$ cat upload_30.cif   # mmCIF, C-alpha atoms
data_model
#
loop_
_atom_site.label_atom_id
_atom_site.label_comp_id
_atom_site.auth_asym_id
_atom_site.auth_seq_id
_atom_site.Cartn_x
_atom_site.Cartn_y
_atom_site.Cartn_z
CA MET S 1 33.19 -16.40 44.08
CA ASN S 2 34.42 -19.66 42.59
CA LEU S 3 32.33 -20.19 39.44
CA ALA S 4 33.36 -23.82 39.04
CA LYS S 5 32.44 -24.63 42.63
CA TRP S 6 29.12 -22.80 42.33
CA SER S 7 28.31 -24.71 39.13
CA LEU S 8 29.03 -28.04 40.81
CA GLU S 9 26.81 -27.10 43.72
CA HIS S 10 23.91 -26.06 41.42
CA PRO S 11 23.98 -28.52 38.51
CA TYR S 12 20.27 -28.29 37.70
CA LEU S 13 20.34 -24.50 37.54
CA VAL S 14 23.37 -24.59 35.24
CA LEU S 15 21.60 -27.14 33.02
CA ALA S 16 18.49 -24.95 32.89
CA LEU S 17 20.55 -21.90 31.91
CA ALA S 18 22.33 -23.88 29.20
CA CYS S 19 19.01 -25.12 27.81
CA ALA S 20 17.61 -21.57 27.84
CA VAL S 21 20.62 -20.24 25.95
CA GLY S 22 20.32 -23.07 23.43
CA VAL S 23 16.59 -22.44 22.88
CA LEU S 24 17.13 -18.69 22.44
CA GLY S 25 19.96 -19.33 20.00
CA LEU S 26 17.86 -21.77 17.99
CA ALA S 27 14.94 -19.31 17.92
CA GLY S 28 17.26 -16.57 16.71
CA VAL S 29 18.58 -18.75 13.90
CA MET S 30 15.09 -19.79 12.82
CA SER S 31 13.76 -16.22 12.82
CA SER S 32 16.72 -14.71 10.95
CA PRO S 33 15.98 -13.96 7.27
CA ARG S 34 17.67 -16.39 4.94
CA ASP S 35 18.10 -16.12 1.19
CA LEU S 36 20.15 -18.18 -1.21
CA PHE S 37 20.80 -15.03 -3.26
CA PRO S 38 20.42 -12.06 -0.87
CA ASP S 39 19.70 -8.65 -2.33
CA THR S 40 22.85 -6.59 -1.83
CA THR S 41 21.81 -3.73 -4.12
CA PRO S 42 21.12 -0.44 -2.31
CA PRO S 43 17.61 0.99 -2.78
CA GLN S 44 17.43 2.63 -6.20
CA VAL S 45 14.67 4.38 -8.11
CA LEU S 46 14.71 5.02 -11.84
CA VAL S 47 12.72 7.87 -13.40
CA VAL S 48 12.23 7.88 -17.18
CA THR S 49 10.62 10.90 -18.84
CA VAL S 50 9.76 11.17 -22.53
CA ARG S 51 9.06 14.28 -24.59
CA GLU S 52 8.74 13.54 -28.27
CA GLY S 53 10.69 15.78 -30.62
CA ALA S 54 12.81 17.47 -27.94
CA SER S 55 16.57 17.66 -28.45
CA ALA S 56 18.99 16.33 -25.84
CA PRO S 57 20.09 19.82 -24.64
CA GLU S 58 16.46 20.91 -24.34
CA MET S 59 15.55 17.75 -22.40
CA ALA S 60 18.49 18.34 -20.06
CA ARG S 61 17.51 21.95 -19.41
CA THR S 62 13.75 21.56 -19.06
CA VAL S 63 13.41 18.06 -17.58
CA THR S 64 16.60 16.46 -16.26
CA GLU S 65 18.01 19.44 -14.37
CA PRO S 66 14.72 20.33 -12.60
CA LEU S 67 14.36 16.67 -11.63
CA GLU S 68 17.89 16.56 -10.23
CA ARG S 69 17.32 19.69 -8.14
CA GLU S 70 14.05 18.36 -6.73
CA ILE S 71 15.32 14.86 -5.94
CA SER S 72 18.65 16.06 -4.49
CA GLY S 73 16.86 17.18 -1.33
CA LEU S 74 15.33 13.79 -0.52
CA ASN S 75 16.21 12.23 2.81
CA GLY S 76 18.73 9.41 2.61
CA LEU S 77 19.80 10.11 -0.96
CA ALA S 78 23.33 8.78 -1.48
CA ASN S 79 23.87 9.43 -5.17
CA GLN S 80 22.04 10.30 -8.36
CA THR S 81 23.05 9.91 -11.99
CA SER S 82 21.24 10.98 -15.12
CA THR S 83 21.38 10.34 -18.84
CA THR S 84 19.72 12.56 -21.42
CA ALA S 85 19.13 11.82 -25.08
CA ASP S 86 16.85 13.20 -27.77
CA GLY S 87 13.35 12.98 -26.34
CA VAL S 88 14.29 10.88 -23.29
CA SER S 89 15.53 11.71 -19.80
CA SER S 90 16.66 8.94 -17.43
CA LEU S 91 17.53 9.63 -13.79
CA ARG S 92 18.67 7.03 -11.27
CA ALA S 93 18.50 7.89 -7.55
CA GLU S 94 20.43 5.69 -5.11
CA PHE S 95 19.55 5.75 -1.40
CA ALA S 96 21.28 4.59 1.77
CA TYR S 97 20.98 0.90 2.69
CA GLY S 98 18.72 1.54 5.66
CA LYS S 99 15.93 2.98 3.52
CA LYS S 100 13.13 0.77 2.24
CA VAL S 101 12.59 0.72 -1.50
CA SER S 102 8.87 1.44 -1.06
CA GLU S 103 9.66 4.57 0.97
CA ALA S 104 12.17 5.72 -1.65
CA VAL S 105 9.61 5.28 -4.43
CA THR S 106 6.99 7.22 -2.48
CA GLU S 107 9.36 10.12 -1.83
CA VAL S 108 10.43 10.22 -5.48
CA ARG S 109 6.79 10.27 -6.59
CA ASN S 110 6.10 13.15 -4.21
CA ALA S 111 9.05 15.03 -5.67
CA LEU S 112 7.74 14.39 -9.17
CA ALA S 113 4.33 15.75 -8.21
CA ALA S 114 6.03 19.02 -7.28
CA VAL S 115 8.20 19.37 -10.39
CA THR S 116 6.16 17.90 -13.27
CA PRO S 117 3.75 20.87 -13.49
CA ARG S 118 6.77 22.94 -14.58
CA PHE S 119 7.65 20.61 -17.45
CA PRO S 120 7.01 21.87 -20.99
CA ALA S 121 3.78 20.99 -22.74
CA GLY S 122 3.92 17.63 -24.45
CA THR S 123 6.04 15.97 -21.77
CA ALA S 124 4.74 12.51 -20.93
CA GLU S 125 4.06 11.42 -17.37
CA PRO S 126 7.36 10.21 -15.87
CA LEU S 127 7.69 6.46 -15.39
CA VAL S 128 9.00 5.37 -11.98
CA TYR S 129 10.71 2.01 -11.41
CA SER S 130 12.15 0.52 -8.24
CA ILE S 131 15.45 -1.26 -8.85
CA THR S 132 16.80 -4.20 -6.88
CA SER S 133 19.04 -7.07 -7.87
CA ARG S 134 15.85 -8.95 -8.79
CA THR S 135 14.08 -6.19 -10.72
CA ALA S 136 16.95 -4.55 -12.57
CA PRO S 137 16.43 -4.74 -16.35
CA ALA S 138 18.23 -7.75 -17.78
CA VAL S 139 18.47 -6.26 -21.27
CA THR S 140 17.87 -2.76 -22.64
CA LEU S 141 17.34 -2.46 -26.39
CA ALA S 142 17.41 0.77 -28.40
CA LEU S 143 15.82 0.99 -31.85
CA SER S 144 16.57 3.72 -34.38
CA PRO S 145 16.11 4.20 -38.15
CA LEU S 146 19.11 3.24 -40.26
CA ASP S 147 18.77 5.94 -42.90
CA GLU S 148 16.40 8.49 -44.38
CA GLY S 149 14.60 5.84 -46.40
CA GLY S 150 14.01 3.53 -43.45
CA PRO S 151 11.03 3.31 -41.11
CA THR S 152 9.95 6.41 -39.22
CA LEU S 153 10.10 6.75 -35.44
CA SER S 154 6.34 6.18 -35.30
CA GLU S 155 6.68 2.95 -37.27
CA ILE S 156 9.53 1.83 -35.03
CA ARG S 157 7.37 2.50 -31.96
CA LEU S 158 4.55 0.37 -33.40
CA LEU S 159 7.04 -2.37 -34.27
CA ALA S 160 8.38 -2.37 -30.70
CA GLU S 161 4.91 -2.39 -29.12
CA HIS S 162 3.16 -4.95 -31.31
CA VAL S 163 5.91 -7.24 -32.60
CA ILE S 164 9.13 -7.14 -30.60
CA ARG S 165 7.43 -6.89 -27.20
CA ASP S 166 5.14 -9.85 -27.92
CA GLU S 167 8.07 -11.96 -29.12
CA LEU S 168 10.13 -11.17 -26.03
CA LEU S 169 7.23 -12.03 -23.71
CA ARG S 170 7.05 -15.49 -25.29
CA ILE S 171 10.57 -16.27 -24.06
CA PRO S 172 10.41 -18.51 -20.94
CA GLY S 173 11.37 -16.60 -17.81
CA VAL S 174 10.58 -13.12 -19.16
CA GLY S 175 8.17 -11.41 -16.78
CA GLU S 176 7.69 -7.94 -18.27
CA VAL S 177 8.77 -5.85 -21.23
CA GLU S 178 8.44 -2.06 -21.09
CA VAL S 179 8.37 0.10 -24.21
CA PHE S 180 9.11 3.81 -23.97
CA GLY S 181 10.28 6.59 -26.25
CA GLY S 182 9.66 6.92 -29.94
CA HIS S 183 6.82 8.76 -31.61
CA HIS S 184 3.16 7.93 -31.20
CA PRO S 185 1.36 8.16 -34.56
CA SER S 186 -0.99 11.13 -34.65
CA VAL S 187 -2.95 13.20 -37.14
CA GLU S 188 -3.12 16.99 -36.96
CA VAL S 189 -6.39 18.47 -38.17
CA SER S 190 -6.25 22.09 -39.37
CA VAL S 191 -9.58 23.89 -39.09
CA ASP S 192 -10.86 26.86 -41.08
CA ARG S 193 -12.78 28.60 -38.30
CA ASP S 194 -14.48 31.06 -40.65
CA LEU S 195 -15.79 28.28 -42.89
CA LEU S 196 -16.82 26.31 -39.83
CA ALA S 197 -18.77 29.29 -38.44
CA ALA S 198 -20.35 30.01 -41.85
CA SER S 199 -21.63 26.43 -41.91
CA GLY S 200 -23.23 26.87 -38.51
CA LEU S 201 -20.87 24.40 -36.88
CA SER S 202 -18.68 24.65 -33.81
CA LEU S 203 -15.18 23.45 -33.06
CA GLU S 204 -16.55 21.29 -30.25
CA GLY S 205 -18.95 19.65 -32.70
CA LEU S 206 -16.10 18.89 -35.08
CA ILE S 207 -14.03 17.33 -32.30
CA GLY S 208 -17.00 15.29 -31.13
CA ALA S 209 -17.78 14.04 -34.64
CA ILE S 210 -14.22 12.86 -35.18
CA ALA S 211 -14.12 11.20 -31.76
CA LYS S 212 -17.42 9.36 -32.34
CA GLN S 213 -16.26 7.93 -35.65
CA ASN S 214 -12.78 6.95 -34.45
CA ILE S 215 -13.42 4.52 -31.61
CA SER S 216 -12.57 1.01 -30.55
CA ALA S 217 -14.54 -0.23 -27.56
CA PRO S 218 -16.24 -3.35 -26.17
CA ALA S 219 -19.76 -3.77 -27.58
CA GLY S 220 -21.02 -6.57 -25.36
CA ARG S 221 -20.86 -10.32 -24.99
CA LEU S 222 -23.00 -13.32 -25.84
CA THR S 223 -23.05 -16.72 -24.16
CA VAL S 224 -23.86 -19.62 -26.48
CA GLU S 225 -23.85 -23.18 -25.14
CA GLY S 226 -21.47 -22.25 -22.35
CA ALA S 227 -19.08 -20.42 -24.67
CA GLU S 228 -18.68 -16.69 -24.19
CA ILE S 229 -18.32 -14.53 -27.30
CA HIS S 230 -17.09 -10.96 -26.96
CA PHE S 231 -17.98 -8.24 -29.45
CA THR S 232 -15.87 -5.17 -30.16
CA LEU S 233 -16.87 -2.00 -31.97
CA ASP S 234 -13.88 -1.16 -34.14
CA SER S 235 -14.25 1.93 -36.31
CA LEU S 236 -10.78 3.44 -36.11
CA PHE S 237 -9.68 5.50 -39.08
CA PRO S 238 -7.40 3.33 -41.25
CA GLY S 239 -5.59 6.38 -42.63
CA VAL S 240 -5.39 10.15 -42.92
CA ASP S 241 -7.75 10.36 -45.91
CA GLN S 242 -10.60 8.88 -43.90
CA VAL S 243 -10.26 11.65 -41.30
CA GLY S 244 -10.90 14.23 -44.01
CA ASP S 245 -14.03 12.36 -45.11
CA THR S 246 -15.62 12.61 -41.65
CA VAL S 247 -19.27 13.71 -41.76
CA ILE S 248 -19.77 16.43 -39.16
CA ALA S 249 -23.49 17.15 -39.53
#

$ encode --input "upload_30.cif" --output "structure tokens"
Amino acid sequence: MNLAKWSLEHPYLVLALACAVGVLGLAGVMSSPRDLFPDTTPPQVLVVTVREGASAPEMARTVTEPLEREISGLNGLANQTSTTADGVSSLRAEFAYGKKVSEAVTEVRNALAAVTPRFPAGTAEPLVYSITSRTAPAVTLALSPLDEGGPTLSEIRLLAEHVIRDELLRIPGVGEVEVFGGHHPSVEVSVDRDLLAASGLSLEGLIGAIAKQNISAPAGRLTVEGAEIHFTLDSLFPGVDQVGDTVIA
């Protein structure tokens, strides 16, 4: 068959075919995803786990290694790397390009649900982050005391949460600032159970009394001339001495 001769004999059919090919090509171009800065980073999930007071070897043995074993069996996992420091375990799982980030995050969370019950007491709930070229942390800052006479880890945590984080969020273009690690300030109350029983009081009553006098909660709102005023009940203990002065009954 002579293609040139056939085309000359059927000009309208050839024109229709050419138009159809052109329309299909244009539709394909218009429907193709376009991005000025395409995401070329493979799907990655970051898991950060904090356990205050734990040494790096202990974190590696009780947290990082169990996490690695559990996540190593996930479908599509290409690579995983981990970093362990005092009180902090960080594990990054990288998946094959064909896997959606949302699916990777879901599978990692399912793996965490299976392994976290075996973590030691005092281990915080692991934080899970999806990482792409758009969501990767731009800057990671680490704070630590300079010497024995400097601020404590609890004070550094408060500084990061209430000062540094707020200042960073004021910078134009900063969307989120996450704070993790450090020590949360806490007060340990030692109870003389015999004295408590001799006074006719219970441990539950003591806990309830402390909780009722150490609260910060919304107390209502009032609308005056179109302006809304919010009230807050703030009776948090300002220091350790005030905890000891708590009236139980």

$ closest_residue --input "upload_30.cif" --among "S:Gly150, S:Gly226, S:Pro42, S:Pro57" --to "Val88 (chain S)" --atoms "all atoms listed in the file"
S:Pro57

$ atom_distance --input "upload_30.cif" --atom1 "CA of Ala197 (chain S)" --atom2 "CA of Gln213 (chain S)"
21.7 Å

$ closest_residue --input "upload_30.cif" --among "S:Gly76, S:Pro43, S:Pro120, S:Pro126" --to "Ser90 (chain S)" --atoms "only C-alpha atoms"
S:Pro126

$ atom_distance --input "upload_30.cif" --atom1 "CA of Phe180 (chain S)" --atom2 "CA of Arg118 (chain S)"
21.4 Å

$ atom_distance --input "upload_30.cif" --atom1 "CA of Glu155 (chain S)" --atom2 "CA of Leu236 (chain S)"
17.5 Å

$ residues_near_point --input "upload_30.cif" --point "(20.8, 1.3, -23.5)" --cutoff "12 Å" --atoms "all atoms listed in the file" --output "list of chain:residue names"
S:Thr83, S:Thr84, S:Ala85, S:Val88, S:Ser90, S:Pro137, S:Ala138, S:Val139, S:Thr140, S:Leu141, S:Ala142, S:Leu143, S:Ser144, S:Phe180

$ residues_near_point --input "upload_30.cif" --point "(11.9, 18.5, -3.6)" --cutoff "9 Å" --atoms "only C-alpha atoms" --output "list of chain:residue names"
S:Leu67, S:Arg69, S:Glu70, S:Ile71, S:Ser72, S:Gly73, S:Leu74, S:Glu107, S:Val108, S:Asn110, S:Ala111, S:Leu112, S:Ala114, S:Val115

$ residues_around --input "upload_30.cif" --residues "region 203-206 of chain S" --least-positions-apart "2" --cutoff "9 Å" --atoms "all atoms listed in the file" --output "ChimeraX atom specification"
/S:191,193,196-197,201,208-211,248-249

$ write_last_selection --input "upload_30.cif" --atoms "C-alpha atoms" --output "PDB file, in the frame of the given file"
ATOM      1  CA  VAL S 191      -9.580  23.890 -39.090  1.00  0.00           C
ATOM      2  CA  ARG S 193     -12.780  28.600 -38.300  1.00  0.00           C
ATOM      3  CA  LEU S 196     -16.820  26.310 -39.830  1.00  0.00           C
ATOM      4  CA  ALA S 197     -18.770  29.290 -38.440  1.00  0.00           C
ATOM      5  CA  LEU S 201     -20.870  24.400 -36.880  1.00  0.00           C
ATOM      6  CA  GLY S 208     -17.000  15.290 -31.130  1.00  0.00           C
ATOM      7  CA  ALA S 209     -17.780  14.040 -34.640  1.00  0.00           C
ATOM      8  CA  ILE S 210     -14.220  12.860 -35.180  1.00  0.00           C
ATOM      9  CA  ALA S 211     -14.120  11.200 -31.760  1.00  0.00           C
ATOM     10  CA  ILE S 248     -19.770  16.430 -39.160  1.00  0.00           C
ATOM     11  CA  ALA S 249     -23.490  17.150 -39.530  1.00  0.00           C
TER      12      ALA S 249
END

$ closest_residue --input "upload_30.cif" --among "S:Ala96, S:Ala124, S:Val243, S:Leu158" --to "Val63 (chain S)" --atoms "all atoms listed in the file"
S:Ala124

$ closest_residue --input "upload_30.cif" --among "S:Ala121, S:Gly200, S:Glu225, S:Leu169" --to "Thr62 (chain S)" --atoms "all atoms listed in the file"
S:Ala121

$ closest_residue --input "upload_30.cif" --among "S:Thr41, S:Ser154, S:Ser31, S:Ser82" --to "Ile131 (chain S)" --atoms "only C-alpha atoms"
S:Thr41

$ closest_residue --input "upload_30.cif" --among "S:Val48, S:Val105, S:Ala78, S:Val174" --to "Leu91 (chain S)" --atoms "only C-alpha atoms"
S:Val48

$ resolve_selection --input "upload_30.cif" --expression "the PyMOL selection byres ((chain S and resi 87) around 6)" --output "PDB file with C-alpha atoms, in the frame of the given file"
ATOM      1  CA  VAL S  50       9.760  11.170 -22.530  1.00  0.00           C
ATOM      2  CA  ARG S  51       9.060  14.280 -24.590  1.00  0.00           C
ATOM      3  CA  GLU S  52       8.740  13.540 -28.270  1.00  0.00           C
ATOM      4  CA  GLY S  53      10.690  15.780 -30.620  1.00  0.00           C
ATOM      5  CA  ALA S  54      12.810  17.470 -27.940  1.00  0.00           C
ATOM      6  CA  ASP S  86      16.850  13.200 -27.770  1.00  0.00           C
ATOM      7  CA  VAL S  88      14.290  10.880 -23.290  1.00  0.00           C
TER       8      VAL S  88
END
